[in-house]
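Coordinates as given in run.csv (CSV, C-alpha atoms):
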chain,number,residue,atom,x,y,z
A,1,MET,CA,-152.4,142.6,-85.4
A,2,GLU,CA,-148.8,143.3,-86.0
A,3,ASP,CA,-147.5,146.2,-88.0
A,4,PHE,CA,-145.8,144.9,-91.1
A,5,SER,CA,-144.9,148.3,-92.6
A,6,PHE,CA,-141.3,148.8,-93.7
A,7,ASP,CA,-138.8,147.6,-91.1
A,8,ARG,CA,-135.6,149.3,-92.0
A,9,ARG,CA,-133.5,147.4,-89.5
A,10,GLY,CA,-134.7,144.1,-90.7
A,11,PHE,CA,-134.2,145.0,-94.3
A,12,VAL,CA,-130.6,146.3,-93.7
A,13,ASP,CA,-129.7,143.3,-91.6
A,14,GLY,CA,-131.0,141.0,-94.3
A,15,ILE,CA,-128.8,142.7,-96.9
A,16,ARG,CA,-125.8,142.4,-94.6
A,17,ALA,CA,-126.5,138.8,-93.9
A,18,VAL,CA,-126.7,137.7,-97.5
A,19,PHE,CA,-123.9,140.0,-98.7
A,20,PRO,CA,-121.1,137.3,-98.6
A,21,LEU,CA,-123.4,134.9,-100.4
A,22,ILE,CA,-123.8,137.0,-103.4
A,23,VAL,CA,-120.1,137.0,-104.2
A,24,PRO,CA,-120.1,133.6,-106.0
A,25,GLY,CA,-123.2,134.7,-107.9
A,26,ILE,CA,-121.1,137.3,-109.8
A,27,PRO,CA,-118.7,135.0,-111.7
A,28,PHE,CA,-121.6,132.5,-112.1
A,29,GLY,CA,-123.8,135.2,-113.6
A,30,LEU,CA,-121.1,136.3,-115.9
A,31,VAL,CA,-120.5,132.8,-117.2
A,32,LEU,CA,-124.3,132.4,-117.6
A,33,GLY,CA,-124.4,135.5,-119.7
A,34,LEU,CA,-121.6,134.1,-121.8
A,35,THR,CA,-123.5,130.9,-122.2
A,36,ILE,CA,-126.5,132.8,-123.6
A,37,THR,CA,-124.3,134.3,-126.3
A,38,ALA,CA,-122.3,131.1,-127.0
A,39,ASN,CA,-125.5,129.1,-127.4
A,40,ASN,CA,-127.0,131.7,-129.8
A,41,ILE,CA,-130.0,132.3,-127.5
A,42,ASP,CA,-131.8,135.6,-128.0
A,43,PRO,CA,-130.1,138.0,-125.5
A,44,LEU,CA,-133.2,139.7,-124.2
A,45,ALA,CA,-135.1,136.4,-123.7
A,46,GLY,CA,-132.0,134.8,-122.2
A,47,TRP,CA,-131.5,137.7,-119.8
A,48,SER,CA,-135.2,137.7,-119.0
A,49,SER,CA,-135.0,134.1,-117.8
A,50,SER,CA,-133.0,135.6,-114.9
A,51,TRP,CA,-136.1,137.3,-113.5
A,52,LEU,CA,-138.6,134.8,-114.9
A,53,ILE,CA,-136.9,131.7,-113.5
A,54,PHE,CA,-134.4,133.4,-111.1
A,55,ALA,CA,-132.4,130.2,-110.4
A,56,GLY,CA,-128.9,130.0,-111.8
A,57,SER,CA,-128.3,126.3,-112.1
A,58,ALA,CA,-131.7,125.7,-113.6
A,59,GLN,CA,-131.1,128.5,-116.1
A,60,LEU,CA,-127.8,127.0,-117.1
A,61,VAL,CA,-129.4,123.5,-117.7
A,62,ALA,CA,-132.2,125.1,-119.7
A,63,PHE,CA,-129.7,127.0,-121.9
A,64,ASN,CA,-127.7,123.8,-122.6
A,65,LEU,CA,-130.9,121.8,-123.3
A,66,ILE,CA,-132.1,124.5,-125.7
A,67,ASP,CA,-128.7,124.3,-127.4
A,68,ASP,CA,-129.1,120.5,-127.7
A,69,GLY,CA,-132.5,121.0,-129.4
A,70,ALA,CA,-134.5,119.4,-126.5
A,71,SER,CA,-138.3,119.6,-126.5
A,72,ALA,CA,-140.1,122.2,-124.4
A,73,THR,CA,-141.4,119.4,-122.2
A,74,VAL,CA,-137.9,118.1,-121.4
A,75,ILE,CA,-136.7,121.6,-120.6
A,76,ILE,CA,-139.6,122.4,-118.3
A,77,VAL,CA,-139.5,119.0,-116.5
A,78,SER,CA,-135.8,119.3,-116.0
A,79,VAL,CA,-136.1,122.8,-114.5
A,80,LEU,CA,-139.0,121.5,-112.2
A,81,LEU,CA,-136.8,118.6,-111.0
A,82,ILE,CA,-133.8,120.8,-110.3
A,83,ASN,CA,-135.8,123.4,-108.5
A,84,SER,CA,-138.0,120.9,-106.6
A,85,ARG,CA,-135.7,121.3,-103.7
A,86,HIS,CA,-137.2,124.7,-103.2
A,87,ALA,CA,-140.4,123.0,-102.1
A,88,MET,CA,-138.5,121.5,-99.3
A,89,TYR,CA,-137.0,125.0,-98.5
A,90,SER,CA,-140.6,126.2,-98.5
A,91,ALA,CA,-141.7,123.5,-96.1
A,92,ALA,CA,-138.7,124.1,-93.8
A,93,LEU,CA,-139.4,127.8,-93.6
A,94,ARG,CA,-143.2,127.5,-93.2
A,95,PRO,CA,-143.2,127.7,-89.4
A,96,LYS,CA,-141.2,130.9,-89.5
A,97,PHE,CA,-143.4,132.5,-92.2
A,98,ILE,CA,-146.8,131.4,-91.0
A,99,ALA,CA,-147.5,134.6,-89.0
A,100,MET,CA,-146.9,136.8,-92.0
A,101,PRO,CA,-149.5,138.6,-94.2
A,102,SER,CA,-151.0,136.4,-96.9
A,103,LYS,CA,-149.9,138.8,-99.6
A,104,PHE,CA,-146.3,138.3,-98.6
A,105,ARG,CA,-146.8,134.5,-98.3
A,106,LEU,CA,-148.1,134.5,-101.8
A,107,LEU,CA,-145.4,136.7,-103.5
A,108,GLY,CA,-142.4,136.6,-101.1
A,109,PRO,CA,-141.4,133.0,-102.0
A,110,TYR,CA,-140.3,134.4,-105.5
A,111,PHE,CA,-137.0,135.2,-103.8
A,112,LEU,CA,-136.6,131.8,-102.2
A,113,LEU,CA,-133.3,130.7,-103.8
A,114,ASP,CA,-130.5,128.8,-102.1
A,115,GLN,CA,-128.8,131.8,-100.6
A,116,CYS,CA,-132.0,133.4,-99.2
A,117,PHE,CA,-133.1,130.1,-97.8
A,118,ALA,CA,-129.7,129.6,-96.1
A,119,VAL,CA,-130.0,133.0,-94.4
A,120,ALA,CA,-133.6,132.7,-93.4
A,121,ASP,CA,-132.9,129.2,-92.0
A,122,THR,CA,-129.7,129.9,-90.1
A,123,ALA,CA,-129.1,133.6,-89.4
A,124,PRO,CA,-128.6,134.0,-85.7
A,125,GLU,CA,-130.4,137.4,-85.5
A,126,LEU,CA,-133.6,135.7,-86.6
A,127,GLU,CA,-133.8,133.5,-83.5
A,128,ASN,CA,-136.8,134.8,-81.4
A,129,SER,CA,-137.3,137.8,-83.8
A,130,LYS,CA,-140.6,139.4,-84.5
A,131,PRO,CA,-142.5,138.4,-87.7
A,132,PRO,CA,-142.2,141.9,-89.3
A,133,TYR,CA,-138.5,142.0,-88.7
A,134,ARG,CA,-138.2,138.5,-90.2
A,135,MET,CA,-140.3,139.4,-93.2
A,136,TRP,CA,-138.2,142.5,-94.1
A,137,HIS,CA,-135.0,140.6,-93.4
A,138,PHE,CA,-136.0,138.0,-96.0
A,139,LEU,CA,-137.0,140.8,-98.5
A,140,GLY,CA,-133.6,142.4,-98.0
A,141,THR,CA,-131.8,139.2,-98.9
A,142,GLY,CA,-134.1,138.7,-101.9
A,143,VAL,CA,-133.8,142.2,-103.3
A,144,LEU,CA,-130.0,142.2,-103.1
A,145,THR,CA,-129.4,138.8,-104.7
A,146,TRP,CA,-132.0,139.6,-107.4
A,147,SER,CA,-130.3,142.9,-108.3
A,148,ILE,CA,-126.8,141.4,-108.4
A,149,TRP,CA,-128.0,138.4,-110.4
A,150,LEU,CA,-129.7,140.4,-113.1
A,151,THR,CA,-126.8,142.8,-113.3
A,152,SER,CA,-124.1,140.0,-113.6
A,153,VAL,CA,-126.0,138.1,-116.3
A,154,ALA,CA,-126.5,141.4,-118.3
A,155,ILE,CA,-122.7,142.2,-118.0
A,156,GLY,CA,-121.9,138.6,-119.1
A,157,ILE,CA,-124.1,139.0,-122.2
A,158,MET,CA,-122.7,142.5,-123.1
A,159,VAL,CA,-119.1,142.2,-122.3
A,160,GLY,CA,-118.6,138.5,-122.9
A,161,ASP,CA,-115.4,136.9,-121.7
A,162,VAL,CA,-114.6,139.1,-118.7
A,163,ILE,CA,-113.4,136.4,-116.3
A,164,ARG,CA,-110.4,134.4,-117.0
A,165,GLU,CA,-111.1,130.7,-116.9
A,166,GLU,CA,-107.7,129.8,-115.3
A,167,TRP,CA,-108.7,131.8,-112.2
A,168,SER,CA,-111.4,129.2,-111.6
A,169,LEU,CA,-113.6,131.9,-110.0
A,170,THR,CA,-116.8,129.8,-110.5
A,171,PHE,CA,-115.3,127.4,-108.0
A,172,THR,CA,-116.6,129.9,-105.4
A,173,VAL,CA,-120.0,128.4,-106.0
A,174,PRO,CA,-119.2,125.0,-104.5
A,175,LEU,CA,-117.0,126.7,-101.9
A,176,MET,CA,-120.0,128.8,-100.8
A,177,PHE,CA,-122.2,125.7,-100.5
A,178,THR,CA,-119.4,123.9,-98.6
A,179,GLY,CA,-119.4,126.8,-96.2
A,180,LEU,CA,-123.1,126.8,-95.8
A,181,LEU,CA,-122.9,123.1,-95.2
A,182,ALA,CA,-120.4,123.5,-92.5
A,183,LEU,CA,-122.6,126.2,-90.8
A,184,SER,CA,-125.8,124.1,-91.1
A,185,VAL,CA,-124.5,120.8,-89.6
A,186,LYS,CA,-125.3,121.2,-85.9
A,187,ASP,CA,-125.7,117.6,-84.6
A,188,ARG,CA,-125.1,114.0,-85.6
A,189,PRO,CA,-128.3,113.5,-87.6
A,190,GLY,CA,-127.1,116.6,-89.5
A,191,VAL,CA,-123.8,114.9,-90.4
A,192,LEU,CA,-125.7,111.8,-91.5
A,193,ALA,CA,-128.0,114.0,-93.7
A,194,ALA,CA,-125.0,115.6,-95.4
A,195,VAL,CA,-123.1,112.3,-95.9
A,196,VAL,CA,-126.1,110.5,-97.4
A,197,ALA,CA,-127.2,113.4,-99.6
A,198,GLY,CA,-123.6,114.0,-100.8
A,199,ALA,CA,-123.1,110.3,-101.7
A,200,VAL,CA,-126.4,109.9,-103.4
A,201,ALA,CA,-125.9,113.1,-105.4
A,202,VAL,CA,-122.6,111.7,-106.8
A,203,LEU,CA,-123.9,108.2,-107.4
A,204,GLY,CA,-127.1,109.7,-109.0
A,205,ARG,CA,-125.3,111.9,-111.4
A,206,GLU,CA,-126.2,109.7,-114.4
A,207,LEU,CA,-129.9,109.9,-113.5
A,208,PRO,CA,-132.1,112.1,-115.7
A,209,GLN,CA,-131.4,115.8,-115.2
A,210,GLY,CA,-132.2,117.0,-111.6
A,211,SER,CA,-133.7,113.8,-110.3
A,212,GLY,CA,-130.4,112.7,-108.7
A,213,LEU,CA,-130.3,115.9,-106.8
A,214,LEU,CA,-133.9,115.6,-105.6
A,215,LEU,CA,-133.4,112.0,-104.5
A,216,ALA,CA,-130.2,112.9,-102.7
A,217,ILE,CA,-131.9,115.6,-100.6
A,218,VAL,CA,-135.0,113.5,-99.8
A,219,LEU,CA,-132.9,110.5,-98.7
A,220,GLY,CA,-130.5,112.7,-96.7
A,221,VAL,CA,-133.5,114.3,-94.8
A,222,LEU,CA,-135.1,110.9,-94.4
A,223,ALA,CA,-131.9,109.3,-92.9
A,224,ALA,CA,-131.5,112.2,-90.5
A,225,GLY,CA,-135.1,112.0,-89.4
A,226,ILE,CA,-134.9,108.3,-88.7
A,227,ALA,CA,-131.6,108.7,-86.9
A,228,GLU,CA,-133.0,111.5,-84.7
A,229,ASN,CA,-136.0,109.3,-83.8
A,230,GLN,CA,-133.6,106.5,-82.8
A,231,LEU,CA,-131.5,108.9,-80.7
A,232,GLU,CA,-134.6,110.2,-79.0
A,233,GLY,CA,-135.8,106.7,-78.3
A,234,SER,CA,-132.5,105.6,-76.8
A,235,LYS,CA,-132.5,108.6,-74.5
A,236,SER,CA,-135.9,108.0,-72.9
B,1,MET,CA,-141.5,133.5,-129.0
B,2,ARG,CA,-141.2,129.8,-128.3
B,3,LEU,CA,-138.2,130.7,-126.1
B,4,TRP,CA,-140.2,133.2,-124.1
B,5,LEU,CA,-143.0,130.7,-123.5
B,6,ILE,CA,-140.5,128.1,-122.3
B,7,PHE,CA,-138.9,130.5,-119.9
B,8,MET,CA,-142.3,131.6,-118.6
B,9,ALA,CA,-143.3,128.0,-118.0
B,10,CYS,CA,-140.0,127.3,-116.3
B,11,GLY,CA,-140.5,130.4,-114.2
B,12,THR,CA,-144.0,129.3,-113.2
B,13,VAL,CA,-143.0,125.8,-112.1
B,14,THR,CA,-140.0,127.3,-110.2
B,15,PHE,CA,-142.3,129.8,-108.4
B,16,ALA,CA,-144.8,127.1,-107.6
B,17,THR,CA,-142.1,125.0,-105.8
B,18,ARG,CA,-141.0,128.0,-103.8
B,19,ALA,CA,-144.5,129.2,-102.9
B,20,SER,CA,-146.0,125.7,-102.2
B,21,PHE,CA,-145.8,125.3,-98.4
B,22,ILE,CA,-145.3,128.9,-97.4
B,23,THR,CA,-148.3,130.1,-99.4
B,24,LEU,CA,-150.6,127.2,-98.4
B,25,GLY,CA,-149.7,127.6,-94.7
B,26,ASP,CA,-151.9,125.5,-92.5
B,27,ARG,CA,-153.9,124.1,-95.3
B,28,LEU,CA,-151.3,121.5,-96.2
B,29,PRO,CA,-150.4,119.9,-92.8
B,30,LEU,CA,-147.5,117.4,-92.5
B,31,PRO,CA,-147.0,114.8,-89.9
B,32,ASP,CA,-144.9,115.9,-86.9
B,33,SER,CA,-142.1,113.5,-87.7
B,34,VAL,CA,-141.7,115.1,-91.2
B,35,GLU,CA,-141.8,118.6,-89.8
B,36,ARG,CA,-139.0,117.7,-87.4
B,37,ALA,CA,-137.0,116.0,-90.2
B,38,LEU,CA,-137.2,119.2,-92.2
B,39,ARG,CA,-134.6,120.8,-90.0
B,40,TYR,CA,-132.1,118.7,-91.9
B,41,VAL,CA,-133.1,120.1,-95.4
B,42,ALA,CA,-130.2,122.6,-95.2
B,43,PRO,CA,-127.3,120.2,-94.6
B,44,ALA,CA,-128.8,117.6,-97.1
B,45,ALA,CA,-129.3,120.2,-99.8
B,46,PHE,CA,-126.0,122.0,-99.5
B,47,ALA,CA,-124.1,118.7,-99.5
B,48,ALA,CA,-126.1,117.4,-102.5
B,49,ILE,CA,-125.3,120.6,-104.4
B,50,SER,CA,-121.6,121.0,-103.5
B,51,VAL,CA,-120.2,117.5,-103.5
B,52,PRO,CA,-120.9,116.7,-107.2
B,53,LEU,CA,-119.5,120.2,-108.2
B,54,ILE,CA,-116.3,119.6,-106.2
B,55,LEU,CA,-115.8,116.2,-107.8
B,56,GLY,CA,-116.1,117.6,-111.3
B,57,GLY,CA,-118.0,115.7,-114.0
B,58,ASP,CA,-115.5,112.9,-114.6
B,59,GLY,CA,-116.5,110.3,-112.0
B,60,VAL,CA,-114.2,108.3,-109.8
B,61,SER,CA,-111.7,107.4,-112.6
B,62,ASN,CA,-110.3,111.0,-112.6
B,63,PHE,CA,-109.6,111.3,-108.9
B,64,SER,CA,-106.2,113.0,-109.4
B,65,ALA,CA,-107.8,115.7,-111.5
B,66,ASP,CA,-110.3,116.4,-108.7
B,67,LEU,CA,-107.7,116.3,-105.9
B,68,PRO,CA,-106.9,120.1,-105.9
B,69,ARG,CA,-110.6,120.9,-105.6
B,70,ILE,CA,-111.2,118.3,-102.9
B,71,ILE,CA,-108.3,119.7,-100.8
B,72,ALA,CA,-109.4,123.3,-101.4
B,73,ALA,CA,-113.0,122.4,-100.3
B,74,CYS,CA,-111.8,120.6,-97.2
B,75,ALA,CA,-109.6,123.6,-96.3
B,76,ALA,CA,-112.7,125.9,-96.8
B,77,ALA,CA,-114.8,123.7,-94.6
B,78,LEU,CA,-112.2,123.7,-91.8
B,79,ALA,CA,-112.0,127.5,-92.1
B,80,VAL,CA,-115.7,127.8,-91.6
B,81,PHE,CA,-115.8,125.4,-88.6
B,82,ARG,CA,-113.2,127.7,-86.9
B,83,LEU,CA,-114.4,131.1,-88.1
B,84,LYS,CA,-118.1,130.6,-88.6
B,85,ASN,CA,-118.5,132.8,-91.7
B,86,ILE,CA,-118.7,132.4,-95.4
B,87,PRO,CA,-116.0,134.8,-96.6
B,88,SER,CA,-113.5,132.6,-94.8
B,89,SER,CA,-114.6,129.6,-96.9
B,90,LEU,CA,-114.4,131.5,-100.1
B,91,LEU,CA,-111.0,133.1,-99.4
B,92,THR,CA,-109.4,129.9,-97.9
B,93,GLY,CA,-110.7,127.7,-100.7
B,94,MET,CA,-109.6,130.0,-103.5
B,95,VAL,CA,-106.1,130.6,-102.1
B,96,VAL,CA,-105.6,126.9,-101.6
B,97,LEU,CA,-106.8,126.1,-105.1
B,98,TRP,CA,-104.6,128.7,-106.7
B,99,LEU,CA,-101.6,127.5,-104.7
B,100,LEU,CA,-102.2,123.9,-105.7
B,101,GLU,CA,-102.6,124.8,-109.3
B,102,TRP,CA,-99.6,127.1,-109.3
B,103,ALA,CA,-97.6,124.2,-107.7
B,104,GLY,CA,-98.7,122.1,-110.7
B,105,LEU,CA,-100.8,119.6,-108.8
File written out as structure tokens:
Amino acid sequence: MEDFSFDRRGFVDGIRAVFPLIVPGIPFGLVLGLTITANNIDPLAGWSSSWLIFAGSAQLVAFNLIDDGASATVIIVSVLLINSRHAMYSAALRPKFIAMPSKFRLLGPYFLLDQCFAVADTAPELENSKPPYRMWHFLGTGVLTWSIWLTSVAIGIMVGDVIREEWSLTFTVPLMFTGLLALSVKDRPGVLAAVVAGAVAVLGRELPQGSGLLLAIVLGVLAAGIAENQLEGSKS
Amino acid sequence: MRLWLIFMACGTVTFATRASFITLGDRLPLPDSVERALRYVAPAAFAAISVPLILGGDGVSNFSADLPRIIAACAAALAVFRLKNIPSSLLTGMVVLWLLEWAGL
């Protein structure tokens, strides 16, 4: 039985690893706070969606749907579709998390947003690391992104227009994902996954909220999986 | 109150997607081929999120309006390929975007 008591080194390394990835969350959180005020959403409920849902893009879509007067069902289904990619993150991380205590496996995934997945999936220090270190590393990434997210949205609600639109600071969000993409492509099937997913995501933009994104990721992974099998086959 | 209930329901479905496979562990087995293909979730997801954001919301017809963002994102990707870290993509991308906008592109 391994000892899963607080692993300071893992926790600190996790915070360090996710630190650059929280930067785009700040302008995004400020804009989201501003959206809450602009759409006349109750500030406390709007801010609380940051810890209830804890997923920026889904929150933004929910706020805009509320503003459009959409039904509760439409809002919930849209959020589910947008966040369904997290189920794939969950499946991808399962082998790394399987040795962890069941309490953590039940509650820890609360923190599984894009940034924390990216770190848990690719951080080099996690290669051949022990489960307790890995668990606290993940919690470190989660606690930092969570604190920064809740703070940024609160400031956005209270202060309002703090970032100047002409600085285009929210462009750091796609830049971060471009960076993560460049780090995560390691072989030719990986390139194919990215090309297929990117193309389908653009072509599927007119599809109902979130379903284009889901379709894009599924087809990207599928294409890469098939290509990898072909490559394996041609080698043997 | 309606708003709170909606956010709670949204939070529940989001949590369910995140917990799914990690929480169920061995109880929800997947074929080996799927398990192996899951290594490509990261590149597929990050491309599917970033590409539509870079191209803006205006479709192909507005290519010239998207051009500064496309160039900035390519510069950011090149920086990461060389330097292997995220700050380099944020800095390079933003500086290139600002320069292009300042130059009136």
Show me the residues around (-137.4, 118.1, -117.2) - criterion: an atom at most 12 Å away, all atoms listed in the file counted - as number ranges by chain. A: 58, 61-62, 65-66, 70-84, 207-211; B: 6, 9-10, 13-14
Using atom CA of Asp32 of chain B and atom CA of Ala92 of chain A as the two end points, give the distance in Å to one decimal.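 One can read the atom CA of Asp32 of chain B to atom CA of Ala92 of chain A distance as 12.4 Å.
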Each residue of segment 95-132 of chain A lying at most 10 Å from segment 146-165 of chain A should get a row with its shortest atom-to-atom pair and the distance in Å to one decimal, counting all atoms listed in the file; could you produce that, ordered by chain and increasing number, as a tab-separated table?
residue	atom	partner	partner_atom	distance
A:Tyr110	CA	A:Trp146	CA	10.0
A:Phe111	CA	A:Trp146	CA	7.6
A:Leu113	CA	A:Trp146	CA	9.7
Taking all atoms listed in the file into account, what are the residues of chain B at most 8 Å from chain A, put as a VMD selection string? chain B and resid 3 to 4 6 to 15 17 to 23 25 to 26 33 to 54 73 76 to 77 80 to 81 84 to 87 89 to 90 93 to 94 98
Suppose we keep C-alpha atoms; can you now write the selection as a compact mmCIF listing (two decimals), in the frame of the given file?
# COMPACT_ATOMS: atom_id res chain seq x y z
CA LEU B 3 -138.20 130.70 -126.10
CA TRP B 4 -140.20 133.20 -124.10
CA ILE B 6 -140.50 128.10 -122.30
CA PHE B 7 -138.90 130.50 -119.90
CA MET B 8 -142.30 131.60 -118.60
CA ALA B 9 -143.30 128.00 -118.00
CA CYS B 10 -140.00 127.30 -116.30
CA GLY B 11 -140.50 130.40 -114.20
CA THR B 12 -144.00 129.30 -113.20
CA VAL B 13 -143.00 125.80 -112.10
CA THR B 14 -140.00 127.30 -110.20
CA PHE B 15 -142.30 129.80 -108.40
CA THR B 17 -142.10 125.00 -105.80
CA ARG B 18 -141.00 128.00 -103.80
CA ALA B 19 -144.50 129.20 -102.90
CA SER B 20 -146.00 125.70 -102.20
CA PHE B 21 -145.80 125.30 -98.40
CA ILE B 22 -145.30 128.90 -97.40
CA THR B 23 -148.30 130.10 -99.40
CA GLY B 25 -149.70 127.60 -94.70
CA ASP B 26 -151.90 125.50 -92.50
CA SER B 33 -142.10 113.50 -87.70
CA VAL B 34 -141.70 115.10 -91.20
CA GLU B 35 -141.80 118.60 -89.80
CA ARG B 36 -139.00 117.70 -87.40
CA ALA B 37 -137.00 116.00 -90.20
CA LEU B 38 -137.20 119.20 -92.20
CA ARG B 39 -134.60 120.80 -90.00
CA TYR B 40 -132.10 118.70 -91.90
CA VAL B 41 -133.10 120.10 -95.40
CA ALA B 42 -130.20 122.60 -95.20
CA PRO B 43 -127.30 120.20 -94.60
CA ALA B 44 -128.80 117.60 -97.10
CA ALA B 45 -129.30 120.20 -99.80
CA PHE B 46 -126.00 122.00 -99.50
CA ALA B 47 -124.10 118.70 -99.50
CA ALA B 48 -126.10 117.40 -102.50
CA ILE B 49 -125.30 120.60 -104.40
CA SER B 50 -121.60 121.00 -103.50
CA VAL B 51 -120.20 117.50 -103.50
CA PRO B 52 -120.90 116.70 -107.20
CA LEU B 53 -119.50 120.20 -108.20
CA ILE B 54 -116.30 119.60 -106.20
CA ALA B 73 -113.00 122.40 -100.30
CA ALA B 76 -112.70 125.90 -96.80
CA ALA B 77 -114.80 123.70 -94.60
CA VAL B 80 -115.70 127.80 -91.60
CA PHE B 81 -115.80 125.40 -88.60
CA LYS B 84 -118.10 130.60 -88.60
CA ASN B 85 -118.50 132.80 -91.70
CA ILE B 86 -118.70 132.40 -95.40
CA PRO B 87 -116.00 134.80 -96.60
CA SER B 89 -114.60 129.60 -96.90
CA LEU B 90 -114.40 131.50 -100.10
CA GLY B 93 -110.70 127.70 -100.70
CA MET B 94 -109.60 130.00 -103.50
CA TRP B 98 -104.60 128.70 -106.70
Do you have the atom CA of Ala38 of chain A-atom CA of Gly69 of chain A distance handy? 14.6 Å
Rounded to one decimal in Å, what is the spacing between atom CA of Leu28 of chain B and atom CA of Phe138 of chain A?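 Here the two named atoms are 22.5 Å from each other.
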Of the candidates B:Leu24, B:Ala16, B:Met1, B:Leu97, which shows the shortest atom-to-atom distance to Asp66 of chain B, using only C-alpha atoms?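 Of the candidates, the smallest distance to Asp66 of chain B is held by B:Leu97.
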Hey, could you patch up segment 53-72 of chain A with N, CA and C atoms and hand it over as a compact mmCIF listing (two decimals), keeping the file's coordinate frame?
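To be explicit, this is the file written out as result_3.txt:
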# COMPACT_ATOMS: atom_id res chain seq x y z
N ILE A 53 -137.19 132.95 -114.23
CA ILE A 53 -136.90 131.70 -113.50
C ILE A 53 -136.16 132.05 -112.19
N PHE A 54 -135.17 132.95 -112.27
CA PHE A 54 -134.40 133.40 -111.10
C PHE A 54 -133.83 132.20 -110.33
N ALA A 55 -133.09 131.34 -111.03
CA ALA A 55 -132.40 130.20 -110.40
C ALA A 55 -131.27 129.79 -111.32
N GLY A 56 -130.05 130.14 -110.92
CA GLY A 56 -128.90 130.00 -111.80
C GLY A 56 -128.66 128.63 -112.40
N SER A 57 -128.64 127.59 -111.55
CA SER A 57 -128.30 126.30 -112.10
C SER A 57 -129.37 125.76 -113.03
N ALA A 58 -130.65 126.08 -112.73
CA ALA A 58 -131.70 125.70 -113.60
C ALA A 58 -131.65 126.40 -114.95
N GLN A 59 -131.28 127.69 -114.90
CA GLN A 59 -131.10 128.50 -116.10
C GLN A 59 -130.03 127.87 -117.01
N LEU A 60 -128.91 127.52 -116.37
CA LEU A 60 -127.80 127.00 -117.10
C LEU A 60 -128.19 125.66 -117.81
N VAL A 61 -128.90 124.80 -117.08
CA VAL A 61 -129.40 123.50 -117.70
C VAL A 61 -130.33 123.82 -118.81
N ALA A 62 -131.24 124.77 -118.62
CA ALA A 62 -132.20 125.10 -119.70
C ALA A 62 -131.47 125.58 -120.94
N PHE A 63 -130.47 126.44 -120.77
CA PHE A 63 -129.70 127.00 -121.90
C PHE A 63 -129.04 125.83 -122.69
N ASN A 64 -128.45 124.90 -121.94
CA ASN A 64 -127.70 123.80 -122.60
C ASN A 64 -128.71 122.85 -123.29
N LEU A 65 -129.90 122.65 -122.68
CA LEU A 65 -130.90 121.80 -123.30
C LEU A 65 -131.43 122.45 -124.60
N ILE A 66 -131.61 123.78 -124.55
CA ILE A 66 -132.10 124.50 -125.70
C ILE A 66 -131.03 124.33 -126.86
N ASP A 67 -129.75 124.45 -126.47
CA ASP A 67 -128.70 124.30 -127.40
C ASP A 67 -128.66 122.88 -128.04
N ASP A 68 -129.04 121.87 -127.22
CA ASP A 68 -129.10 120.50 -127.70
C ASP A 68 -130.35 120.22 -128.54
N GLY A 69 -131.24 121.20 -128.62
CA GLY A 69 -132.50 121.00 -129.40
C GLY A 69 -133.52 120.18 -128.65
N ALA A 70 -133.48 120.20 -127.30
CA ALA A 70 -134.50 119.40 -126.50
C ALA A 70 -135.87 120.00 -126.68
N SER A 71 -136.87 119.16 -126.44
CA SER A 71 -138.30 119.60 -126.50
C SER A 71 -138.60 120.50 -125.33
N ALA A 72 -139.66 121.31 -125.49
CA ALA A 72 -140.10 122.20 -124.40
C ALA A 72 -140.40 121.39 -123.15
